[in-house]
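Notes follow the structure.
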Amino acid sequence: MILISHRGNLRGPNKSRENSPEYINEARNNGYNIEIDVWFANNKFYLGHDEPIYEIEKNFLNNNKLWCHAKNIDAMEALKGIGAIYFWHQNDDVVLTSNGYFWTYPGKKLLKNSICVLPETSNLENI
């Protein structure tokens, strides 16, 4: 089983720390994979949910424990260019990640190779 932290959170939302590099590293050091929000603007990578906030180097993103949610189309192209694990979604039931997993919206049908987002809201018996 792969446990994926949402934006670095381990015990519920922490809006003031989400997506910060330090918070992400804390989750990673505790053995978690992390879903992070990535922007690309002015030829630079940034982390942040609603807007680009934390500038980061591309080598930070080249980590098989990070699942990069591309927040703008330029981020998706740039993430592909550096070989990061990435995906794009908005209100889709399911999307395919760059490494072949189905990133599945909470409560939607799960497949054998699904990432179950918010498992507490899903029927895990039918997998």
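Ligands are numbered from 1 in the order shown, chains are lettered A, B, ... in the order of the structure tokens, and residues start at 1 in each chain.
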Quiz item: Please, which residues of chain A, numbered as in this document, come out strand (DSSP E) from DSSP, as a PyMOL selection string?
Solution: chain A and resi 4-6+33-41+44-47+54-56+66-70+86-87+94-96+102-104+114-116
Practice problem: Tell me, as a ChimeraX atom specification, which residues lie within 12 Å of Ser16 of chain A, counting only C-alpha atoms; anything in the same chain fewer than 3 positions away does not count. | Solution: /A:7-9,13,19-20,22-23,48-49,53
Practice problem: Pick out the residues sitting within 12 Å of Thr104 of chain A, and hand them over as a ChimeraX atom specification; count only C-alpha atoms, and ignore anything fewer than 6 positions along from it in its own chain. | Solution: /A:87-97,110-119,121-122
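Within chain A, the backbone-based DSSP assignment of helix (DSSP H, G or I) covers Pro21, Glu22, Tyr23, Ile24, Asn25, Glu26, Ala27, Arg28, Asn29, Lys58, Asn59, Phe60, Leu61, Ile73, Asp74, Ala75, Met76, Glu77, Ala78, Leu79, Lys80, Gly81, Ile82, Pro119, Glu120, Thr121, Leu124, Glu125 and Asn126 of chain A.
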Export, as a PDB file, in the first residue's frame, the selected residues with N, CA and C atoms.
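Done, and the output landed in selection07.pdb:
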ATOM      1  N   PRO A  21       8.030  23.528   0.987  1.00  0.00           N
ATOM      2  CA  PRO A  21       9.064  22.496   0.871  1.00  0.00           C
ATOM      3  C   PRO A  21       9.400  21.826   2.208  1.00  0.00           C
ATOM      4  N   GLU A  22       9.439  22.590   3.296  1.00  0.00           N
ATOM      5  CA  GLU A  22       9.764  22.024   4.607  1.00  0.00           C
ATOM      6  C   GLU A  22       8.696  21.023   5.055  1.00  0.00           C
ATOM      7  N   TYR A  23       7.445  21.367   4.845  1.00  0.00           N
ATOM      8  CA  TYR A  23       6.322  20.512   5.230  1.00  0.00           C
ATOM      9  C   TYR A  23       6.326  19.227   4.402  1.00  0.00           C
ATOM     10  N   ILE A  24       6.598  19.362   3.123  1.00  0.00           N
ATOM     11  CA  ILE A  24       6.684  18.204   2.225  1.00  0.00           C
ATOM     12  C   ILE A  24       7.816  17.284   2.671  1.00  0.00           C
ATOM     13  N   ASN A  25       8.947  17.854   3.005  1.00  0.00           N
ATOM     14  CA  ASN A  25      10.084  17.039   3.463  1.00  0.00           C
ATOM     15  C   ASN A  25       9.775  16.324   4.777  1.00  0.00           C
ATOM     16  N   GLU A  26       9.021  16.962   5.661  1.00  0.00           N
ATOM     17  CA  GLU A  26       8.633  16.313   6.916  1.00  0.00           C
ATOM     18  C   GLU A  26       7.795  15.066   6.619  1.00  0.00           C
ATOM     19  N   ALA A  27       6.831  15.188   5.719  1.00  0.00           N
ATOM     20  CA  ALA A  27       5.985  14.039   5.365  1.00  0.00           C
ATOM     21  C   ALA A  27       6.819  12.947   4.707  1.00  0.00           C
ATOM     22  N   ARG A  28       7.714  13.339   3.827  1.00  0.00           N
ATOM     23  CA  ARG A  28       8.578  12.366   3.141  1.00  0.00           C
ATOM     24  C   ARG A  28       9.485  11.651   4.154  1.00  0.00           C
ATOM     25  N   ASN A  29      10.035  12.399   5.110  1.00  0.00           N
ATOM     26  CA  ASN A  29      10.902  11.806   6.138  1.00  0.00           C
ATOM     27  C   ASN A  29      10.146  10.862   7.063  1.00  0.00           C
ATOM     28  N   LYS A  58      14.047  22.339  -9.941  1.00  0.00           N
ATOM     29  CA  LYS A  58      13.482  21.159 -10.593  1.00  0.00           C
ATOM     30  C   LYS A  58      13.966  19.863  -9.956  1.00  0.00           C
ATOM     31  N   ASN A  59      15.172  19.851  -9.393  1.00  0.00           N
ATOM     32  CA  ASN A  59      15.660  18.612  -8.781  1.00  0.00           C
ATOM     33  C   ASN A  59      14.830  18.226  -7.557  1.00  0.00           C
ATOM     34  N   PHE A  60      14.166  19.185  -6.918  1.00  0.00           N
ATOM     35  CA  PHE A  60      13.266  18.881  -5.804  1.00  0.00           C
ATOM     36  C   PHE A  60      12.129  17.975  -6.268  1.00  0.00           C
ATOM     37  N   LEU A  61      11.669  18.188  -7.502  1.00  0.00           N
ATOM     38  CA  LEU A  61      10.520  17.461  -8.040  1.00  0.00           C
ATOM     39  C   LEU A  61      10.871  16.085  -8.582  1.00  0.00           C
ATOM     40  N   ILE A  73      -1.176  24.532 -17.380  1.00  0.00           N
ATOM     41  CA  ILE A  73      -0.773  23.688 -18.506  1.00  0.00           C
ATOM     42  C   ILE A  73       0.738  23.731 -18.722  1.00  0.00           C
ATOM     43  N   ASP A  74       1.353  24.870 -18.450  1.00  0.00           N
ATOM     44  CA  ASP A  74       2.810  24.974 -18.582  1.00  0.00           C
ATOM     45  C   ASP A  74       3.515  24.056 -17.582  1.00  0.00           C
ATOM     46  N   ALA A  75       2.926  23.880 -16.405  1.00  0.00           N
ATOM     47  CA  ALA A  75       3.518  22.982 -15.410  1.00  0.00           C
ATOM     48  C   ALA A  75       3.499  21.546 -15.908  1.00  0.00           C
ATOM     49  N   MET A  76       2.402  21.146 -16.548  1.00  0.00           N
ATOM     50  CA  MET A  76       2.334  19.783 -17.040  1.00  0.00           C
ATOM     51  C   MET A  76       3.429  19.515 -18.069  1.00  0.00           C
ATOM     52  N   GLU A  77       3.610  20.428 -18.977  1.00  0.00           N
ATOM     53  CA  GLU A  77       4.645  20.263 -20.002  1.00  0.00           C
ATOM     54  C   GLU A  77       6.043  20.262 -19.370  1.00  0.00           C
ATOM     55  N   ALA A  78       6.287  21.161 -18.435  1.00  0.00           N
ATOM     56  CA  ALA A  78       7.602  21.249 -17.793  1.00  0.00           C
ATOM     57  C   ALA A  78       7.883  20.022 -16.924  1.00  0.00           C
ATOM     58  N   LEU A  79       6.866  19.512 -16.228  1.00  0.00           N
ATOM     59  CA  LEU A  79       7.042  18.317 -15.405  1.00  0.00           C
ATOM     60  C   LEU A  79       7.370  17.101 -16.273  1.00  0.00           C
ATOM     61  N   LYS A  80       6.729  17.010 -17.408  1.00  0.00           N
ATOM     62  CA  LYS A  80       7.052  15.932 -18.339  1.00  0.00           C
ATOM     63  C   LYS A  80       8.511  16.056 -18.783  1.00  0.00           C
ATOM     64  N   GLY A  81       8.944  17.266 -19.059  1.00  0.00           N
ATOM     65  CA  GLY A  81      10.299  17.518 -19.535  1.00  0.00           C
ATOM     66  C   GLY A  81      11.390  17.125 -18.555  1.00  0.00           C
ATOM     67  N   ILE A  82      11.074  17.133 -17.259  1.00  0.00           N
ATOM     68  CA  ILE A  82      12.098  16.763 -16.263  1.00  0.00           C
ATOM     69  C   ILE A  82      11.913  15.334 -15.746  1.00  0.00           C
ATOM     70  N   PRO A 119      -9.789   7.793   0.959  1.00  0.00           N
ATOM     71  CA  PRO A 119     -10.358   6.443   1.055  1.00  0.00           C
ATOM     72  C   PRO A 119     -11.507   6.329   2.053  1.00  0.00           C
ATOM     73  N   GLU A 120     -11.546   7.202   3.029  1.00  0.00           N
ATOM     74  CA  GLU A 120     -12.632   7.146   4.009  1.00  0.00           C
ATOM     75  C   GLU A 120     -13.991   7.447   3.389  1.00  0.00           C
ATOM     76  N   THR A 121     -14.021   8.019   2.172  1.00  0.00           N
ATOM     77  CA  THR A 121     -15.282   8.325   1.495  1.00  0.00           C
ATOM     78  C   THR A 121     -15.597   7.316   0.392  1.00  0.00           C
ATOM     79  N   LEU A 124     -14.234   0.535  -0.588  1.00  0.00           N
ATOM     80  CA  LEU A 124     -13.034  -0.203  -0.909  1.00  0.00           C
ATOM     81  C   LEU A 124     -13.269  -1.694  -1.056  1.00  0.00           C
ATOM     82  N   GLU A 125     -14.465  -2.163  -0.786  1.00  0.00           N
ATOM     83  CA  GLU A 125     -14.756  -3.581  -0.847  1.00  0.00           C
ATOM     84  C   GLU A 125     -14.868  -4.094  -2.277  1.00  0.00           C
ATOM     85  N   ASN A 126     -15.102  -3.224  -3.239  1.00  0.00           N
ATOM     86  CA  ASN A 126     -15.358  -3.659  -4.610  1.00  0.00           C
ATOM     87  C   ASN A 126     -14.119  -3.601  -5.498  1.00  0.00           C
TER      88      ASN A 126
END
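The space between atom CA of Asn33 of chain A and atom CA of Ile2 of chain A spans 7.1 Å.
Among the candidates A:Gly83, A:Gly12, A:Glu55, A:Ile4, the one nearest to Asn42 of chain A when counting only C-alpha atoms is A:Glu55.
Distance check against Gly31 of chain A using only C-alpha atoms: of A:Ala84, A:Asn99, A:Asn64, A:Leu3, the minimum falls on A:Leu3.
Atom pair atom CA of Arg17 of chain A / atom CA of Leu47 of chain A: separated by 11.2 Å.
Between atom CA of Cys68 of chain A and atom CA of Ser98 of chain A lies a distance of 9.7 Å.
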